[in-house]
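Step one of this worksheet: look at the structure below.
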Amino acid sequence: MRRKLAFTFIMVAAVLFALAVYLLVLMRNNGKEYQQRILSQQGYDTSLLAFRRGNITDRNGTVLAYSEEVYNLILDPSVILYTSNPQKPEPNREATVDALVQVFGYSRDEINAILDEKPDAPYVRFARQLSAEDRDRFLQYQTEYNTAKDKNKKKLHQDKVTGVWFETEYKRMYPYDTLACTVLGFSGAESAEGHWGIEEYYNSSLSGIPGKVYSYISPEGDYESVTEAAVGGYTVVSTIDYNVQKIVEEEIANYKQKHEYKNIGVIVMDPTSGEILGMATDKVYDPNDPMDFSAVVSDEELNAMTDDERSALQNSVWRNFAVNDAFSPGSVSKELTVAMALEENVIEPDTTFYCDGSETVQGQTIHCHKLEGHGAMDVTGALMQSCNDALMNIASRLNAPTMLKWQRLFGLGSRTGIDLPGEATGILFTEENMSLIDLATCSFGQGYSSTMVQMASAYCSILNGGYYYTPHIVRQLLDENGNTVKTVEPELVRTTISESTCEFLKQAAYETVQSGGGTRAKIKGYTVGGKTGTAQKYPIEEHNYVISFMGFTPAFNPKLLVYAVIDEPEHEDTTVSSSSAVELERDIMKRIIPYLGIPADAATN
Amino acid sequence: MRKRRSEKGIRWLSGYDFSLLFVVLFLCVFGLIMIYSASYYTAETKLHNGMYYFRHQLMLYGVGLAVAIIASLIPHRLFVWLVWPGYAAAVICMILTDFTKLGINTNGQTRWMRVTSTISFQPAELVKVAIILLTAFLIHRHTKEMNGHRWPLIILGLCAVPGLLVLKNNLSSGIIIMAIPVAMIMLVSNKKERRIAFWALFALGLAAMIVIKTMPLDTLIGIGERIEATGILKAYQLRRLYIWNTPMYDARGDGYQVVQGLYAIGSGGVFGKGLGASLQKLGFVPESANDMIFAILCEELGLFGAVSLIILYLFLLYRMMMIANRSRDVFGTMLVIGVMGHIALQVILHIGVVSGILPNTGVTLPFVSYGGTASLFYMGEIGIVLSVGRDNPEMVLPEEKDGKA
């Protein structure tokens with residue numbers, strides 16, 4: 001028996017020795033590899049903290065967009081369902097679910113379903129964007145419940161409300177809802193990325209740096225963490241003026257009620273600096289809820305749409321007609337044609353022209369809008385009556401390369417560099433493909449295309465004495481503490497025309513409003529200059545037009561430019577009047593003048 | 001007077017194996033340290049109380065030590081009174097656990113029995129002790145007949161009743177319960193053929209294991225597919241075989257625990273990362289304080305710690321062997337051998353499972369793993385061994401006499 005027992009003992013010792021040898025082999029052969037695997041799966045627990053996206057304000061500090069702290073409710077089923085004593089499985093489950101149901105009124109079944117479905121998941125985002133009050137109500141309930149349970153010390157482990165925590169997130173808020181939506185764009189729920197407008201163009205400035213939480217186990221075995229706070233994004237101070245913007249949008253809304261059209265765009269600019277004071281289109285959406293298209297289509301229609309149709313719809317609602325679309329500018333550009341002819345010395349201010357109602361170029365007859373002809377007139381008269389025949393005569397004294405050189409000098413055919421996304425360039429003729437007919441039609445703004453912001457910027461250079469500034473919509477970037485990080489100064493790109501030409505054109509524009517084609521733009525007590533525009537859209541047979549009015553005041557020392565464009569307005573038969581665009585411009589300007597405090601400079605008449 | 005009292009005292013405690021008691025206490029304290037280290041993270045993150053498991057185990061060892069000392073002071077022949085009640089209690093508890101609502105189902109297995117609303121225990125541990133007592137007693141009564149077939153089969157039959165009830169929910173405990181009486185019978189049996197057959201079977205099993213374990217996985221899967229076609233084994237059963245062969249076969253699923261345990265062992269090196277420095281206990285190795293505690297031990301204390309622990313167990317077994325040898329009755333000898341067998345099996349299976357040599361079933365490491373019921377019964381078993389060790393002729397159980405027993 002003793003021998004047998006000893007033998008068995010030796011066998012046991014041998015087996016244990018063999019196991020020890022196996023362990024040694026395991027360590028020697030795989031030790032390094034396993035250590036690397038451990039380290040790679042360890043990956044110190046790092047979580048990101050959301051940053052606060054910067055505000056967007058108007059030029060006077062009125063906040064147009066800000067980010068509010070909200071909380072996501074995170075469930076940790078692995079903690080909620082943890083069982084330490086098999087006798088009492090999942091002790092915390094009921095208390096925790098009760099708490100969620102009582103505080104938030106969530107569905108008990110829904111929570112239980114999630115817990116059963118993902119029992120080991122440490123992170124389930126159950127609810128989003130709760131307010132601070134909601135969070136505090138829950139935390140208070142949790143503290144009270146758990147404290148009460150702790151007092152009952154009879155039992156080793158009491159059920160607790162646990163495994164629920166709140167993750168900070170920011171929600172983008174636009175306090176004035178639809179106001180300036182076209183200019184602002186919008187930012188998604190995560191506040192991380194901007195879409196359209198300033199939100200997109202200045203995304204990197206608005207975005208901050210996410211904070212980080214490094215969690216690790218200290219040598220004492222405690223769970224510790226180091227927090228690197230998130231850095232908020234810069235505040236973007238826009239050149240937009242809240243009140244100007246509001247007036248523009250209200251007047252567009254008024255116009256919408258009375259007229260039919262396809263697109264409306266209005267730009268209000270300070271001609272002395274290229275700053276945009278207001279910019280709006282007729283397309284209105286609420287950036288708080290950019291995916292809500294109920295104003296445009298019904299829910300049924302929306303649901304029936306294909307992805308392509310839906311993105312086309314989104315594109316049509318969110319895009320900025322004033323920047324993203326190019327069209328034939330029409331007669332508004334006649335001031336540019338006259339400017340280049342004067343600069344090239346091919347005409348004098350007192351050069352006279354005779355309009356017989358049409359002009360034949362290379363065998364093709366091009367009509368003036370007044371088919372019976374305007375008769376004889378000087379250059380000012382040609383602009384006042386917007387005579388195509390006279391303008392074609394002027395153009396015939398130029399040639400294609402000269403015309404294109406000046407168009408480019410006025411910023412046509414290339415991006416103005418405005419700080420908004422997706423700017424269109426428009427299309428000019430080239431030296432190679434510009435025929436004499438094209439030269440003739442270009443003189444009155446047909447045949448090429450330009451954007452509103454291009455034309456408004458070109459006019460600004462005429463109004464301020466020949467200085468072409470980059471149009472811009474942002475003045476300043478401020479950091480979290482309100483310190484200026486960057487100031488956007490007016491950027492002089494080039495000079496366009498001489499001062500004397502400018503003076504002549506302003507005078508002609510003034511006369512156009514006084515007694516020419518733009519008399520409807522007159523504002524009592526103020527000198528107003530302006531130029532109407534009517535362009536035919538291709539194909540000509542469809543008789544669609546773009547009507548516009550470029551107005552400014554005071555006429556001889558302009559401080560304010562308002563450019564209103566109506567794309568495909570209602571019209572009778574085959575002709576259209578630009579008068580509704582003039583009236584829209586006047587209604588806007590009339591209300592902005594007193595707000596900006598521009599002194600009355602005209603004798604009441 | 002004084003002289004007589006001291007003489008009596010010496011006689012009363014003579015043979016009391018203090019070194020055995022010391023080794024056990026050392027293992028318990030070592031176990032507490034390892035439990036504290038291995039469970040702190042899990043307890044802190046899940047229970048907001050890092051000391052939870054440590055405290056619970058400390059409390060149980062307090063009770064367990066009292067149980068061991070009280071048991072050691074009882075003359076071991078009195079344990080005869082526990083044989084049949086113990087056996088009956090074991091069978092009843094297993095029936096209650098397996099077939100009534102008193103059984104607590106966790107992860108699809110019913111291993112726990114509810115006693116009161118807060119106390120529950122694992123009846124399989126009771127069964128182990130009851131089986132040791134019963135087998136020791138019957139061998140004592142029928143020592144001479146152990147060479148025959150009748151009594152060994154009766155003993156095995158009696159053991160099989162609770163054994164099979166355990167096997168239903170706990171494969172490893174069931175195997176241990178059946179292996180203990182087999183080992184005990186083998187040791188008293190003088191039939192050479194039987195011993196040769198036993199060791200031959202043992203060697204055969206070992207060889208089969210080595211073949212399956214060392215076979216390239218592709219070959220094994222090839223064979224497995226043919227077996228599956230015959231319908232003898234189902235796909236999920238074969239899958240376990242593949243995972244046993246190569247835990248990486250499903251490193252994120254069923255092989256996860258073993259793979260993470262291997263990472264822990266392998267990364268430990270000769271001297272380990274240092275006590276408390278395990279990375280794998282930080283939520284990677286499941287059951288890090290009980291079924292997998294040896295892996296954390298290897299990671300923190302290295303091969304050195306592992307071998308030291310193995311040597312402690314061998315010393316423990318050696319002391320027990322000495323006690324078994326000097327016991328004046330067969331009952332005492334067999335009791336000690338039974339406890340030896342139990343502890344040796346637990347240690348070998350635990351290390352075998354953790355190091356991936358054996359298929360993954362939950363086996364605790366005696367005195368080191370966290371586990372209330374098991375700790376209490378281990379301490380009780382130690383108490384029995386210490387009682388046997390006391391060299392007191394008065395305590396000897398008379399052989400083949402029905403009188404007092």
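In the structure tokens, each chain is lettered A, B, ... as it comes, each chain's residues begin at 1, and ligands are numbered from 1 in order of appearance.
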- Message: Select, as a PyMOL selection string, those residues of chain B with any atom no more than 6 Å from chain A (distances computed using only C-alpha atoms).
- Response: chain B and resi 46+263+266-267+269
- Could you give me, as number ranges by chain, the residues within 12 Å of range 360-376 of chain A, counting only C-alpha atoms and dropping anything in the same chain fewer than 2 positions from it? A: 330-331, 350-358, 378-393, 395-396, 435-441, 444, 446, 533-536, 574-577
Just-selected residues, C-alpha atoms written as a short mmCIF file (atom, residue, chain, number, x, y, z; two decimals), in the first residue's frame:
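Output saved as part-v7.cif:
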```cif
data_model
loop_
_atom_site.label_atom_id
_atom_site.label_comp_id
_atom_site.auth_asym_id
_atom_site.auth_seq_id
_atom_site.Cartn_x
_atom_site.Cartn_y
_atom_site.Cartn_z
CA GLY A 330 -28.89 91.23 -69.43
CA SER A 331 -28.92 95.00 -69.67
CA ASP A 350 -21.20 112.88 -76.01
CA THR A 351 -20.93 110.40 -78.90
CA THR A 352 -24.35 110.03 -80.42
CA PHE A 353 -26.07 106.95 -81.79
CA TYR A 354 -29.19 106.36 -83.79
CA CYS A 355 -31.50 103.48 -82.97
CA ASP A 356 -33.72 102.27 -85.80
CA GLY A 357 -35.03 99.30 -83.85
CA SER A 358 -32.51 96.75 -85.00
CA ASP A 378 -26.03 110.11 -76.58
CA VAL A 379 -24.31 107.54 -74.36
CA THR A 380 -26.24 108.58 -71.26
CA GLY A 381 -29.44 108.28 -73.26
CA ALA A 382 -28.46 104.84 -74.45
CA LEU A 383 -28.11 103.70 -70.87
CA MET A 384 -31.25 105.50 -69.68
CA GLN A 385 -33.36 103.87 -72.35
CA SER A 386 -31.31 100.70 -72.29
CA CYS A 387 -31.00 100.78 -76.04
CA ASN A 388 -29.59 97.59 -77.51
CA ASP A 389 -28.98 99.14 -80.91
CA ALA A 390 -26.74 101.84 -79.45
CA LEU A 391 -24.87 99.32 -77.32
CA MET A 392 -24.26 97.13 -80.38
CA ASN A 393 -22.87 100.16 -82.12
CA ALA A 395 -19.48 97.09 -79.22
CA SER A 396 -18.77 97.23 -82.93
CA SER A 435 -18.05 86.02 -83.37
CA LEU A 436 -19.16 89.52 -84.23
CA ILE A 437 -22.71 88.50 -83.41
CA ASP A 438 -21.54 87.34 -80.00
CA LEU A 439 -19.70 90.61 -79.55
CA ALA A 440 -22.88 92.46 -80.35
CA THR A 441 -25.09 90.46 -77.95
CA PHE A 444 -26.23 94.07 -73.69
CA GLN A 446 -26.65 88.17 -73.65
CA GLY A 533 -31.87 94.32 -66.78
CA THR A 534 -33.87 91.91 -68.84
CA ALA A 535 -32.23 88.88 -70.32
CA GLN A 536 -33.70 86.26 -72.51
CA THR A 574 -43.45 87.17 -75.41
CA THR A 575 -42.26 90.23 -73.54
CA VAL A 576 -41.51 90.97 -69.96
CA SER A 577 -41.03 94.08 -67.93
#
```
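Near Val258 in chain B, within 8 Å and counting only C-alpha atoms, sit Pro247, Val353, Val354, Ser355, Gly356 and Asn360 of chain B; same-chain residues fewer than 6 positions away were not included.
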If you keep N, CA and C atoms, can you produce a file of those selected residues as a PDB file, in the first residue's frame?
```pdb
ATOM      1  N   PRO B 247      -7.065  26.757 -29.783  1.00  0.00           N
ATOM      2  CA  PRO B 247      -7.996  27.756 -29.227  1.00  0.00           C
ATOM      3  C   PRO B 247      -8.200  28.945 -30.161  1.00  0.00           C
ATOM      4  N   VAL B 353      -6.368  22.826 -17.798  1.00  0.00           N
ATOM      5  CA  VAL B 353      -7.371  23.607 -18.533  1.00  0.00           C
ATOM      6  C   VAL B 353      -6.831  24.995 -18.858  1.00  0.00           C
ATOM      7  N   VAL B 354      -6.252  25.643 -17.849  1.00  0.00           N
ATOM      8  CA  VAL B 354      -5.791  27.019 -18.053  1.00  0.00           C
ATOM      9  C   VAL B 354      -4.700  27.069 -19.118  1.00  0.00           C
ATOM     10  N   SER B 355      -3.821  26.050 -19.139  1.00  0.00           N
ATOM     11  CA  SER B 355      -2.751  26.078 -20.135  1.00  0.00           C
ATOM     12  C   SER B 355      -3.194  25.485 -21.471  1.00  0.00           C
ATOM     13  N   GLY B 356      -4.476  25.137 -21.574  1.00  0.00           N
ATOM     14  CA  GLY B 356      -5.014  24.724 -22.868  1.00  0.00           C
ATOM     15  C   GLY B 356      -4.751  23.275 -23.220  1.00  0.00           C
ATOM     16  N   ASN B 360     -11.716  23.027 -22.276  1.00  0.00           N
ATOM     17  CA  ASN B 360     -12.081  24.052 -21.299  1.00  0.00           C
ATOM     18  C   ASN B 360     -13.332  23.687 -20.505  1.00  0.00           C
TER      19      ASN B 360
END
```
- Counting only C-alpha atoms, what is within 10 Å of range 200-210 of chain B, bar same-chain residues fewer than 3 positions away, as a ChimeraX atom specification? /B:194-197,213-215,245,357-359
How would the residues just chosen look if you wrote them out with N, CA and C atoms as an mmCIF file, in the first residue's frame?
```cif
data_model
loop_
_atom_site.group_PDB
_atom_site.id
_atom_site.type_symbol
_atom_site.label_atom_id
_atom_site.label_comp_id
_atom_site.auth_asym_id
_atom_site.auth_seq_id
_atom_site.Cartn_x
_atom_site.Cartn_y
_atom_site.Cartn_z
ATOM 1 N N ARG B 194 -5.415 -5.690 -12.403
ATOM 2 C CA ARG B 194 -6.296 -4.527 -12.359
ATOM 3 C C ARG B 194 -5.477 -3.226 -12.396
ATOM 4 N N ARG B 195 -4.358 -3.243 -11.639
ATOM 5 C CA ARG B 195 -3.533 -2.033 -11.625
ATOM 6 C C ARG B 195 -2.914 -1.766 -12.987
ATOM 7 N N ILE B 196 -2.446 -2.896 -13.585
ATOM 8 C CA ILE B 196 -1.852 -2.733 -14.921
ATOM 9 C C ILE B 196 -2.899 -2.206 -15.899
ATOM 10 N N ALA B 197 -4.077 -2.765 -15.805
ATOM 11 C CA ALA B 197 -5.162 -2.311 -16.692
ATOM 12 C C ALA B 197 -5.449 -0.829 -16.464
ATOM 13 N N LYS B 213 -4.506 16.602 -29.371
ATOM 14 C CA LYS B 213 -4.024 17.946 -29.082
ATOM 15 C C LYS B 213 -2.913 18.389 -30.040
ATOM 16 N N THR B 214 -2.055 17.442 -30.432
ATOM 17 C CA THR B 214 -0.918 17.835 -31.269
ATOM 18 C C THR B 214 -1.193 17.706 -32.758
ATOM 19 N N MET B 215 -2.335 17.111 -33.098
ATOM 20 C CA MET B 215 -2.667 16.935 -34.518
ATOM 21 C C MET B 215 -2.854 18.298 -35.185
ATOM 22 N N ASN B 245 -8.124 21.731 -29.714
ATOM 23 C CA ASN B 245 -6.895 21.528 -30.473
ATOM 24 C C ASN B 245 -6.187 22.862 -30.722
ATOM 25 N N ILE B 357 -4.148 22.503 -22.318
ATOM 26 C CA ILE B 357 -3.873 21.105 -22.628
ATOM 27 C C ILE B 357 -5.168 20.296 -22.584
ATOM 28 N N LEU B 358 -6.021 20.642 -21.636
ATOM 29 C CA LEU B 358 -7.299 19.941 -21.507
ATOM 30 C C LEU B 358 -8.410 20.814 -22.080
ATOM 31 N N PRO B 359 -9.507 20.187 -22.489
ATOM 32 C CA PRO B 359 -10.640 20.983 -22.974
ATOM 33 C C PRO B 359 -11.136 21.904 -21.863
#
```
Excluding Leu420 in chain A and its own-chain neighbours fewer than 4 positions away, which residues fall within 10 Å of it when counting only C-alpha atoms? Please give them as a PDB file with N, CA and C atoms, in the first residue's frame.
```pdb
ATOM      1  N   VAL A 183     -27.278  81.943 -46.260  1.00  0.00           N
ATOM      2  CA  VAL A 183     -25.933  82.416 -45.961  1.00  0.00           C
ATOM      3  C   VAL A 183     -25.260  81.515 -44.936  1.00  0.00           C
ATOM      4  N   LEU A 184     -26.041  81.091 -43.923  1.00  0.00           N
ATOM      5  CA  LEU A 184     -25.457  80.331 -42.819  1.00  0.00           C
ATOM      6  C   LEU A 184     -25.156  78.887 -43.190  1.00  0.00           C
ATOM      7  N   GLY A 185     -26.047  78.265 -43.965  1.00  0.00           N
ATOM      8  CA  GLY A 185     -25.942  76.815 -44.139  1.00  0.00           C
ATOM      9  C   GLY A 185     -26.419  76.156 -42.861  1.00  0.00           C
ATOM     10  N   TRP A 196     -23.105  73.745 -46.610  1.00  0.00           N
ATOM     11  CA  TRP A 196     -23.517  74.976 -47.272  1.00  0.00           C
ATOM     12  C   TRP A 196     -23.150  76.200 -46.410  1.00  0.00           C
ATOM     13  N   GLY A 197     -23.129  77.323 -47.093  1.00  0.00           N
ATOM     14  CA  GLY A 197     -22.978  78.599 -46.424  1.00  0.00           C
ATOM     15  C   GLY A 197     -21.719  78.731 -45.586  1.00  0.00           C
ATOM     16  N   ILE A 198     -21.809  79.639 -44.611  1.00  0.00           N
ATOM     17  CA  ILE A 198     -20.670  79.889 -43.734  1.00  0.00           C
ATOM     18  C   ILE A 198     -20.296  78.622 -42.975  1.00  0.00           C
ATOM     19  N   GLU A 199     -21.300  77.844 -42.574  1.00  0.00           N
ATOM     20  CA  GLU A 199     -21.040  76.613 -41.824  1.00  0.00           C
ATOM     21  C   GLU A 199     -20.082  75.705 -42.589  1.00  0.00           C
ATOM     22  N   GLU A 200     -20.216  75.684 -43.906  1.00  0.00           N
ATOM     23  CA  GLU A 200     -19.337  74.815 -44.685  1.00  0.00           C
ATOM     24  C   GLU A 200     -18.004  75.507 -44.979  1.00  0.00           C
ATOM     25  N   TYR A 201     -18.089  76.764 -45.447  1.00  0.00           N
ATOM     26  CA  TYR A 201     -16.864  77.436 -45.877  1.00  0.00           C
ATOM     27  C   TYR A 201     -15.902  77.647 -44.710  1.00  0.00           C
ATOM     28  N   TYR A 202     -16.473  77.968 -43.530  1.00  0.00           N
ATOM     29  CA  TYR A 202     -15.633  78.221 -42.359  1.00  0.00           C
ATOM     30  C   TYR A 202     -15.620  77.036 -41.399  1.00  0.00           C
ATOM     31  N   ASN A 320     -27.511  78.320 -52.975  1.00  0.00           N
ATOM     32  CA  ASN A 320     -27.573  79.768 -52.895  1.00  0.00           C
ATOM     33  C   ASN A 320     -27.560  80.329 -54.303  1.00  0.00           C
ATOM     34  N   VAL A 323     -24.961  82.865 -55.525  1.00  0.00           N
ATOM     35  CA  VAL A 323     -23.549  82.521 -55.639  1.00  0.00           C
ATOM     36  C   VAL A 323     -23.341  81.289 -56.520  1.00  0.00           C
ATOM     37  N   ASN A 324     -24.266  80.351 -56.418  1.00  0.00           N
ATOM     38  CA  ASN A 324     -24.065  79.058 -57.073  1.00  0.00           C
ATOM     39  C   ASN A 324     -24.594  79.000 -58.500  1.00  0.00           C
ATOM     40  N   HIS A 472     -16.969  89.729 -49.676  1.00  0.00           N
ATOM     41  CA  HIS A 472     -16.828  88.786 -48.577  1.00  0.00           C
ATOM     42  C   HIS A 472     -17.964  88.914 -47.573  1.00  0.00           C
ATOM     43  N   ILE A 473     -18.144  87.849 -46.830  1.00  0.00           N
ATOM     44  CA  ILE A 473     -19.300  87.733 -45.941  1.00  0.00           C
ATOM     45  C   ILE A 473     -18.877  87.541 -44.492  1.00  0.00           C
ATOM     46  N   VAL A 474     -17.551  87.442 -44.248  1.00  0.00           N
ATOM     47  CA  VAL A 474     -17.069  87.279 -42.877  1.00  0.00           C
ATOM     48  C   VAL A 474     -16.062  88.382 -42.566  1.00  0.00           C
TER      49      VAL A 474
END
```
- Query: Within 7 Å of range 264-281 of chain A, counting only C-alpha atoms, which residues qualify if same-chain residues fewer than 5 places away don't, as a VMD selection string?
  - Reply: chain A and resid 180 182 to 183 239 to 241 244 to 245 248 to 249 320 to 322 457 460 463 to 464 469 to 473 490 558 to 567
- Task: Using DSSP on the backbone coordinates, identify all residues within range 257-350 of chain B classified as helix (DSSP H, G or I); present the result as a ChimeraX atom specification.
- Result: /B:257-268,293-326,330-350
Any chance you can output those residues with C-alpha atoms as a PDB file, in the first residue's frame?
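Written out: again30.pdb:
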```
ATOM      1  CA  GLN B 257     -11.237  32.405 -22.439  1.00  0.00           C
ATOM      2  CA  VAL B 258      -8.473  29.931 -23.210  1.00  0.00           C
ATOM      3  CA  VAL B 259      -6.758  32.259 -25.684  1.00  0.00           C
ATOM      4  CA  GLN B 260      -6.747  35.140 -23.231  1.00  0.00           C
ATOM      5  CA  GLY B 261      -5.468  32.774 -20.534  1.00  0.00           C
ATOM      6  CA  LEU B 262      -2.657  31.651 -22.835  1.00  0.00           C
ATOM      7  CA  TYR B 263      -1.743  35.265 -23.535  1.00  0.00           C
ATOM      8  CA  ALA B 264      -1.519  35.821 -19.797  1.00  0.00           C
ATOM      9  CA  ILE B 265       0.628  32.731 -19.163  1.00  0.00           C
ATOM     10  CA  GLY B 266       2.878  33.244 -22.145  1.00  0.00           C
ATOM     11  CA  SER B 267       3.525  36.898 -21.444  1.00  0.00           C
ATOM     12  CA  GLY B 268       4.506  36.214 -17.822  1.00  0.00           C
ATOM     13  CA  ILE B 293      -6.680  32.365 -11.575  1.00  0.00           C
ATOM     14  CA  PHE B 294      -3.602  30.281 -12.447  1.00  0.00           C
ATOM     15  CA  ALA B 295      -3.250  32.250 -15.684  1.00  0.00           C
ATOM     16  CA  ILE B 296      -3.170  35.558 -13.792  1.00  0.00           C
ATOM     17  CA  LEU B 297      -0.716  34.007 -11.336  1.00  0.00           C
ATOM     18  CA  CYS B 298       1.586  32.993 -14.187  1.00  0.00           C
ATOM     19  CA  GLU B 299       1.326  36.466 -15.720  1.00  0.00           C
ATOM     20  CA  GLU B 300       2.155  38.241 -12.475  1.00  0.00           C
ATOM     21  CA  LEU B 301       4.602  35.813 -10.880  1.00  0.00           C
ATOM     22  CA  GLY B 302       5.851  33.947 -13.915  1.00  0.00           C
ATOM     23  CA  LEU B 303       7.097  30.387 -14.145  1.00  0.00           C
ATOM     24  CA  PHE B 304       8.829  30.932 -10.821  1.00  0.00           C
ATOM     25  CA  GLY B 305       5.521  31.616  -9.064  1.00  0.00           C
ATOM     26  CA  ALA B 306       3.813  28.743 -10.843  1.00  0.00           C
ATOM     27  CA  VAL B 307       6.516  26.221  -9.926  1.00  0.00           C
ATOM     28  CA  SER B 308       6.594  27.521  -6.345  1.00  0.00           C
ATOM     29  CA  LEU B 309       2.866  26.948  -6.096  1.00  0.00           C
ATOM     30  CA  ILE B 310       3.183  23.468  -7.610  1.00  0.00           C
ATOM     31  CA  ILE B 311       5.904  22.651  -5.076  1.00  0.00           C
ATOM     32  CA  LEU B 312       3.614  23.826  -2.272  1.00  0.00           C
ATOM     33  CA  TYR B 313       0.901  21.485  -3.497  1.00  0.00           C
ATOM     34  CA  LEU B 314       3.392  18.635  -3.747  1.00  0.00           C
ATOM     35  CA  PHE B 315       4.516  19.328  -0.201  1.00  0.00           C
ATOM     36  CA  LEU B 316       0.899  19.364   0.904  1.00  0.00           C
ATOM     37  CA  LEU B 317       0.311  16.035  -0.810  1.00  0.00           C
ATOM     38  CA  TYR B 318       3.529  14.656   0.647  1.00  0.00           C
ATOM     39  CA  ARG B 319       2.483  15.553   4.196  1.00  0.00           C
ATOM     40  CA  MET B 320      -0.846  13.933   3.555  1.00  0.00           C
ATOM     41  CA  MET B 321       0.852  10.834   2.237  1.00  0.00           C
ATOM     42  CA  MET B 322       2.857  10.651   5.466  1.00  0.00           C
ATOM     43  CA  ILE B 323      -0.342  10.903   7.486  1.00  0.00           C
ATOM     44  CA  ALA B 324      -2.022   8.250   5.354  1.00  0.00           C
ATOM     45  CA  ASN B 325       0.928   5.952   5.873  1.00  0.00           C
ATOM     46  CA  ARG B 326       1.006   6.237   9.603  1.00  0.00           C
ATOM     47  CA  VAL B 330      -7.802   1.816   7.028  1.00  0.00           C
ATOM     48  CA  PHE B 331     -10.607   4.350   7.411  1.00  0.00           C
ATOM     49  CA  GLY B 332      -8.115   7.080   8.298  1.00  0.00           C
ATOM     50  CA  THR B 333      -5.745   6.087   5.510  1.00  0.00           C
ATOM     51  CA  MET B 334      -8.492   6.031   2.942  1.00  0.00           C
ATOM     52  CA  LEU B 335      -9.917   9.356   4.117  1.00  0.00           C
ATOM     53  CA  VAL B 336      -6.543  10.994   3.588  1.00  0.00           C
ATOM     54  CA  ILE B 337      -6.013   9.278   0.252  1.00  0.00           C
ATOM     55  CA  GLY B 338      -9.423  10.476  -0.870  1.00  0.00           C
ATOM     56  CA  VAL B 339      -8.598  14.067   0.046  1.00  0.00           C
ATOM     57  CA  MET B 340      -5.215  13.725  -1.657  1.00  0.00           C
ATOM     58  CA  GLY B 341      -6.880  12.434  -4.787  1.00  0.00           C
ATOM     59  CA  HIS B 342      -9.373  15.257  -4.744  1.00  0.00           C
ATOM     60  CA  ILE B 343      -6.752  17.987  -4.354  1.00  0.00           C
ATOM     61  CA  ALA B 344      -4.328  16.424  -6.844  1.00  0.00           C
ATOM     62  CA  LEU B 345      -7.082  16.118  -9.474  1.00  0.00           C
ATOM     63  CA  GLN B 346      -8.260  19.687  -8.973  1.00  0.00           C
ATOM     64  CA  VAL B 347      -4.738  21.067  -9.298  1.00  0.00           C
ATOM     65  CA  ILE B 348      -3.862  19.005 -12.355  1.00  0.00           C
ATOM     66  CA  LEU B 349      -7.161  19.708 -14.110  1.00  0.00           C
ATOM     67  CA  HIS B 350      -7.045  23.418 -13.289  1.00  0.00           C
TER      68      HIS B 350
END
```
- Query: Within 9 Å of Leu126 in chain B, counting only C-alpha atoms, which residues qualify if same-chain residues fewer than 3 places away don't, as number ranges by chain?
  - Reply: B: 86-87, 89-90, 93, 122-123, 129-131, 373-374, 377
Got time to write the residues from that selection, N, CA and C atoms, as a compact mmCIF listing (two decimals), in the first residue's frame?
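Once everything was written out, this is part_29.txt:
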```
# COMPACT_ATOMS: atom_id res chain seq x y z
N GLY B 86 -24.16 12.06 5.37
CA GLY B 86 -23.50 12.88 4.36
C GLY B 86 -23.88 12.44 2.96
N TYR B 87 -23.87 11.12 2.75
CA TYR B 87 -24.22 10.57 1.43
C TYR B 87 -25.66 10.93 1.08
N ALA B 89 -27.49 13.34 2.32
CA ALA B 89 -27.61 14.79 2.10
C ALA B 89 -27.12 15.16 0.70
N ALA B 90 -25.99 14.54 0.30
CA ALA B 90 -25.44 14.84 -1.03
C ALA B 90 -26.43 14.48 -2.12
N CYS B 93 -29.51 16.82 -1.97
CA CYS B 93 -29.18 18.16 -2.48
C CYS B 93 -29.07 18.15 -4.00
N GLN B 122 -22.80 25.22 -3.75
CA GLN B 122 -22.65 24.27 -4.85
C GLN B 122 -22.66 22.86 -4.27
N PRO B 123 -23.74 22.11 -4.43
CA PRO B 123 -23.82 20.78 -3.82
C PRO B 123 -22.77 19.82 -4.35
N VAL B 129 -16.97 15.51 -0.84
CA VAL B 129 -16.61 15.11 0.52
C VAL B 129 -17.38 13.85 0.92
N ALA B 130 -18.66 13.82 0.59
CA ALA B 130 -19.50 12.66 0.96
C ALA B 130 -18.96 11.39 0.32
N ILE B 131 -18.50 11.50 -0.93
CA ILE B 131 -17.98 10.34 -1.65
C ILE B 131 -16.69 9.84 -0.99
N THR B 373 -18.28 27.90 -1.48
CA THR B 373 -18.58 26.53 -1.09
C THR B 373 -17.33 25.66 -1.10
N ALA B 374 -16.61 25.75 -2.22
CA ALA B 374 -15.43 24.91 -2.37
C ALA B 374 -14.44 25.18 -1.23
N PHE B 377 -15.49 23.46 2.02
CA PHE B 377 -15.34 22.00 2.02
C PHE B 377 -13.87 21.59 1.98
```
